[in-house]
Amino acid sequence: MPAIVLVGAQWGDEGKGKATDLLGSSVDYVVKFNGGNNAGHTVVIGDQKYALHLLPSGILTAGCTPVIANGVVVDLAVLIEELDGLEARGVDTSKLLISANAHVIPPYNRVLDKVTERFLGQRRLGTTGRGIGPTYADKMNRVGIRVQDLYDESILRQKVEAALEVKNQVLLKIYNRRAVAVEEVMEELMRHAERIRPMVTDTALVLNTAVDRGETVLFEAGQATLLDVDHGTYPFVTSSNATSGGACTGSGVAPTRIDRVIAILKAYSTRVGEGPFPTELHDADGDFLRETGAEFGTTTGRPRRCGWLDVVVGRYATRINGVTDFVITKLDVLTGLETIPVCVAYDVQGTRHDEMPVNQSDFHHAQPVYEELPGWTEDISGCRTFDDLPPNAQRYVLRVEELVGARVSAIGVGPGRTQTIQRHSLLGAD
Ligand code: GDP
Ligand code: IMO
Ligand code: MG
């Protein structure tokens with residue numbers, strides 16, 4: 001089963017990092033193909049907790065080659081800091097490969113991300129402020145800076161000068177901020193260039209050759225389906241393709257070579273930042289999910305907005321990503337609830353919608369139609385087989401499976417590596 005894509009089914013933070021880490025030991029390459037250090041993945045191994053932003057979670061598995069592919073936007077300082085932090089904890093990062101075509105987040109885009117948000121005020125998106133949006137915009141505008149540009153100083157200088165000619169006008173005249181000096185940018189970009197030089201390569205060639213050899217390649221999405229710039233709740237999205245199609249454009253491995261798509265679905269819903277969220281709870285149940293599920297951002301520390309599971313979203317994720325397998329995470333967090341509401345449709349001003357409304361405005365006004373499922377009180381964090389789960393927890397999983405339309409192959413019952421129930425192999429042929 002050589003090429004597998006792993007995506008988030010909801011608004012991010014579903015537990016993609018843990019799932020990637022879990023598969024890590026059976027995988028030869030783990031590839032980050034979209035986003036940048038807006039992502040935050042927490043992986044717990046024994047008593048050690050790791051927070052990863054830019055590096056693929058596979059970096060924690062000895063023997064697995066982590067790859068930052070062309071679709072990623074790279075903040076060099078963050079990359080070096082993350083590598084140093086892991087090395088200091090004894091993690092071998094020497095196998096990391098970085099695409100020569102990946103774009104670099106220059107310092108002025110971090111500034112622009114933050115001032116744009118401030119300028120938007122009430123209409124802000126709630127970005128992570130890492131310069132992600134402006135850097136993808138530069139890529140599309142064909143004024144971006146690629147990793148390979150770092151190794152030709154005169155080309156790099158030309159590109160920085162050209163970019164700053166416009167950016168400085170915007171900073172000065174629209175946002176009333178100070179201009180950024182070319183030298184300042186050059187210095188920051190060049191500072192780390194030599195350090196990463198040995199890692200820079202044609203990652204598309206490496207990955208296609210690996211697939212040719214029958215090696216296992218796992219593509220790990222940052223963000224998630226409803227944050228995808230094409231398929232998410234635009235404009236309240238990130239600026240990349242976080243759905244399975246993004247794995248192809250973001251890595252140079254073609255759709256014909258992808259064998260399986262695994263979607264990570266949290267047993268309830270969360271969202272960070274602004275934008276519509278039909279099942280959001282503003283009451284004690286929301287607080288219960290936030291506290292029990294420790295729903296505070298890995299990247300920004302913001303409390304995550306919490307709500308019940310929305311299977312209209314789940315079904316949408318199945319369709320957009322071509323999901324073959326779901327991993328339901330954080331089922332343990334629902335323990336102790338008498339009944340568990342699951343949103344099965346929306347009511348939009350008297351009209352029932354069983355699928356995502358065509359019109360974004362309808363989604364903003366969607367009222368959830370709930371099906372109530374019976375809860376359980378037994379501690380499930382020690383369960384290791386499906387049969388170990390209390391009958392109502394089993395019922396919850398089976399009903400969700402039926403509603404989202406793809407099989408549930410694994411279930412998370414705690415943050416630890418071993419706290420997972422496997423129903424079907426995520427890598428094998430069954
Ligand atoms: P990602 O961005 O999709 O990788 O997810 P995050 O790491 O941002 O958020 C998921 C959080 O849930 C992390 O703190 C994980 O350690 C934790 N987690 C993952 N799976 C489970 C699970 O099954 N149960 C519990 N209780 N926590 C989990
Ligand atoms: P992981 O990979 C949750 C959200 C931000 C904001 C919007 C745009 O950990 O699941 P951006 O900085 O990307 O331009 O912000 O997207 N966002 C995330 N929310 N998890 C993430 O990543 C996110 N990455 C971006 O909060 O609403
Ligand atoms: Mg996260």
# chains A, B, ... in the order shown; residues from 1 in each chain; ligands from 1
call {"tool": "residues_near_ligand", "arguments": {"ligand": "ligand 1", "cutoff": "6 Å", "atoms": "only C-alpha atoms and all ligand atoms", "output": "VMD selection string"}}
result
chain A and resid 12 to 18 40 to 44 293 298 329 to 330 332 to 333 412 to 415
call {"tool": "write_last_selection", "arguments": {"atoms": "C-alpha atoms", "output": "compact mmCIF listing (two decimals), in the first residue's frame"}}
result
# COMPACT_ATOMS: atom_id res chain seq x y z
CA GLY A 12 -8.17 21.18 12.06
CA ASP A 13 -6.73 19.82 15.31
CA GLU A 14 -8.44 16.47 14.84
CA GLY A 15 -5.31 14.60 15.96
CA LYS A 16 -3.53 14.24 12.61
CA GLY A 17 -0.14 14.39 14.33
CA LYS A 18 -0.91 11.46 16.59
CA GLY A 40 0.28 22.64 15.42
CA HIS A 41 0.49 18.93 16.09
CA THR A 42 0.89 17.53 19.57
CA VAL A 43 2.34 14.04 19.74
CA VAL A 44 2.65 12.17 23.03
CA GLY A 293 -10.52 17.64 25.53
CA THR A 298 -0.94 24.21 19.98
CA THR A 329 -10.21 10.55 17.66
CA LYS A 330 -10.90 11.67 21.23
CA ASP A 332 -12.71 9.24 25.44
CA VAL A 333 -13.61 12.93 25.81
CA GLY A 412 -8.51 7.16 19.57
CA VAL A 413 -9.20 6.76 23.28
CA GLY A 414 -6.40 8.96 24.65
CA PRO A 415 -3.46 11.09 23.51
call {"tool": "residues_around", "arguments": {"residues": "Asp152 of chain A", "least_positions_apart": "3", "cutoff": "12 Å", "atoms": "only C-alpha atoms", "output": "list in words"}}
result
Ile145, Arg146, Val147, Gln148, Asp149, Ile155, Leu156, Arg157, Gln158, Lys159, Met186, Leu189, Met190, Ala193 and Glu194 of chain A
call {"tool": "closest_atom_pairs", "arguments": {"of": "chain A", "to": "ligand 2", "cutoff": "9 Å", "atoms": "only C-alpha atoms and all ligand atoms", "output": "JSON lines"}}
result
{"residue": "A:Gly8", "atom": "CA", "partner": "ligand 2", "partner_atom_place_in_ligand_line": "10 (O)", "distance": 6.9}
{"residue": "A:Gln10", "atom": "CA", "partner": "ligand 2", "partner_atom_place_in_ligand_line": "10 (O)", "distance": 8.8}
{"residue": "A:Trp11", "atom": "CA", "partner": "ligand 2", "partner_atom_place_in_ligand_line": "3 (C)", "distance": 5.8}
{"residue": "A:Gly12", "atom": "CA", "partner": "ligand 2", "partner_atom_place_in_ligand_line": "10 (O)", "distance": 3.3}
{"residue": "A:Asp13", "atom": "CA", "partner": "ligand 2", "partner_atom_place_in_ligand_line": "10 (O)", "distance": 3.9}
{"residue": "A:Glu14", "atom": "CA", "partner": "ligand 2", "partner_atom_place_in_ligand_line": "10 (O)", "distance": 6.6}
{"residue": "A:Gly15", "atom": "CA", "partner": "ligand 2", "partner_atom_place_in_ligand_line": "10 (O)", "distance": 7.8}
{"residue": "A:Lys16", "atom": "CA", "partner": "ligand 2", "partner_atom_place_in_ligand_line": "10 (O)", "distance": 7.3}
{"residue": "A:Gly17", "atom": "CA", "partner": "ligand 2", "partner_atom_place_in_ligand_line": "2 (O)", "distance": 8.2}
{"residue": "A:Gly35", "atom": "CA", "partner": "ligand 2", "partner_atom_place_in_ligand_line": "13 (O)", "distance": 7.1}
{"residue": "A:Gly36", "atom": "CA", "partner": "ligand 2", "partner_atom_place_in_ligand_line": "13 (O)", "distance": 8.0}
{"residue": "A:Asn37", "atom": "CA", "partner": "ligand 2", "partner_atom_place_in_ligand_line": "24 (N)", "distance": 8.0}
{"residue": "A:Asn38", "atom": "CA", "partner": "ligand 2", "partner_atom_place_in_ligand_line": "24 (N)", "distance": 4.6}
{"residue": "A:Ala39", "atom": "CA", "partner": "ligand 2", "partner_atom_place_in_ligand_line": "22 (O)", "distance": 3.6}
{"residue": "A:Gly40", "atom": "CA", "partner": "ligand 2", "partner_atom_place_in_ligand_line": "9 (O)", "distance": 3.8}
{"residue": "A:His41", "atom": "CA", "partner": "ligand 2", "partner_atom_place_in_ligand_line": "9 (O)", "distance": 5.3}
{"residue": "A:Thr42", "atom": "CA", "partner": "ligand 2", "partner_atom_place_in_ligand_line": "9 (O)", "distance": 8.5}
{"residue": "A:Leu52", "atom": "CA", "partner": "ligand 2", "partner_atom_place_in_ligand_line": "9 (O)", "distance": 8.9}
{"residue": "A:His53", "atom": "CA", "partner": "ligand 2", "partner_atom_place_in_ligand_line": "9 (O)", "distance": 7.6}
{"residue": "A:Asp113", "atom": "CA", "partner": "ligand 2", "partner_atom_place_in_ligand_line": "14 (O)", "distance": 7.9}
{"residue": "A:Leu125", "atom": "CA", "partner": "ligand 2", "partner_atom_place_in_ligand_line": "27 (O)", "distance": 5.7}
{"residue": "A:Gly126", "atom": "CA", "partner": "ligand 2", "partner_atom_place_in_ligand_line": "27 (O)", "distance": 4.8}
{"residue": "A:Thr127", "atom": "CA", "partner": "ligand 2", "partner_atom_place_in_ligand_line": "15 (O)", "distance": 3.3}
{"residue": "A:Thr128", "atom": "CA", "partner": "ligand 2", "partner_atom_place_in_ligand_line": "12 (O)", "distance": 3.7}
{"residue": "A:Gly129", "atom": "CA", "partner": "ligand 2", "partner_atom_place_in_ligand_line": "12 (O)", "distance": 5.4}
{"residue": "A:Arg130", "atom": "CA", "partner": "ligand 2", "partner_atom_place_in_ligand_line": "12 (O)", "distance": 5.8}
{"residue": "A:Gly131", "atom": "CA", "partner": "ligand 2", "partner_atom_place_in_ligand_line": "12 (O)", "distance": 6.9}
{"residue": "A:Ile132", "atom": "CA", "partner": "ligand 2", "partner_atom_place_in_ligand_line": "14 (O)", "distance": 5.1}
{"residue": "A:Gly133", "atom": "CA", "partner": "ligand 2", "partner_atom_place_in_ligand_line": "14 (O)", "distance": 4.9}
{"residue": "A:Pro134", "atom": "CA", "partner": "ligand 2", "partner_atom_place_in_ligand_line": "14 (O)", "distance": 8.4}
{"residue": "A:Ala221", "atom": "CA", "partner": "ligand 2", "partner_atom_place_in_ligand_line": "2 (O)", "distance": 7.0}
{"residue": "A:Gly222", "atom": "CA", "partner": "ligand 2", "partner_atom_place_in_ligand_line": "2 (O)", "distance": 3.7}
{"residue": "A:Gln223", "atom": "CA", "partner": "ligand 2", "partner_atom_place_in_ligand_line": "2 (O)", "distance": 3.7}
{"residue": "A:Ala224", "atom": "CA", "partner": "ligand 2", "partner_atom_place_in_ligand_line": "10 (O)", "distance": 6.1}
{"residue": "A:Leu227", "atom": "CA", "partner": "ligand 2", "partner_atom_place_in_ligand_line": "16 (O)", "distance": 6.0}
{"residue": "A:Asp228", "atom": "CA", "partner": "ligand 2", "partner_atom_place_in_ligand_line": "16 (O)", "distance": 8.8}
{"residue": "A:Pro235", "atom": "CA", "partner": "ligand 2", "partner_atom_place_in_ligand_line": "8 (C)", "distance": 8.8}
{"residue": "A:Phe236", "atom": "CA", "partner": "ligand 2", "partner_atom_place_in_ligand_line": "27 (O)", "distance": 6.1}
{"residue": "A:Val237", "atom": "CA", "partner": "ligand 2", "partner_atom_place_in_ligand_line": "7 (C)", "distance": 4.9}
{"residue": "A:Thr238", "atom": "CA", "partner": "ligand 2", "partner_atom_place_in_ligand_line": "13 (O)", "distance": 4.0}
{"residue": "A:Ser239", "atom": "CA", "partner": "ligand 2", "partner_atom_place_in_ligand_line": "14 (O)", "distance": 6.0}
{"residue": "A:Ser240", "atom": "CA", "partner": "ligand 2", "partner_atom_place_in_ligand_line": "13 (O)", "distance": 8.1}
{"residue": "A:Ala242", "atom": "CA", "partner": "ligand 2", "partner_atom_place_in_ligand_line": "2 (O)", "distance": 8.9}
{"residue": "A:Thr270", "atom": "CA", "partner": "ligand 2", "partner_atom_place_in_ligand_line": "3 (C)", "distance": 8.3}
{"residue": "A:Arg271", "atom": "CA", "partner": "ligand 2", "partner_atom_place_in_ligand_line": "3 (C)", "distance": 6.2}
{"residue": "A:Val272", "atom": "CA", "partner": "ligand 2", "partner_atom_place_in_ligand_line": "26 (O)", "distance": 4.4}
{"residue": "A:Gly273", "atom": "CA", "partner": "ligand 2", "partner_atom_place_in_ligand_line": "27 (O)", "distance": 3.6}
{"residue": "A:Glu274", "atom": "CA", "partner": "ligand 2", "partner_atom_place_in_ligand_line": "27 (O)", "distance": 5.4}
{"residue": "A:Gly275", "atom": "CA", "partner": "ligand 2", "partner_atom_place_in_ligand_line": "27 (O)", "distance": 7.3}
{"residue": "A:Gly297", "atom": "CA", "partner": "ligand 2", "partner_atom_place_in_ligand_line": "3 (C)", "distance": 7.5}
{"residue": "A:Thr298", "atom": "CA", "partner": "ligand 2", "partner_atom_place_in_ligand_line": "9 (O)", "distance": 7.0}
{"residue": "A:Thr299", "atom": "CA", "partner": "ligand 2", "partner_atom_place_in_ligand_line": "9 (O)", "distance": 7.3}
{"residue": "A:Thr300", "atom": "CA", "partner": "ligand 2", "partner_atom_place_in_ligand_line": "26 (O)", "distance": 8.5}
{"residue": "A:Arg302", "atom": "CA", "partner": "ligand 2", "partner_atom_place_in_ligand_line": "26 (O)", "distance": 8.8}
{"residue": "A:Arg304", "atom": "CA", "partner": "ligand 2", "partner_atom_place_in_ligand_line": "3 (C)", "distance": 8.5}
call {"tool": "closest_residue", "arguments": {"among": "A:Ile411, A:Met199, A:Val143, A:Ile264", "to": "ligand 3", "atoms": "only C-alpha atoms and all ligand atoms"}}
result
A:Ile264
call {"tool": "select_by_dssp", "arguments": {"residues": "segment 183-291 of chain A", "states": "strand (DSSP E or B)", "output": "MDAnalysis selection string"}}
result
chainID A and resid 200:201 217:220 260:266 269:271 280
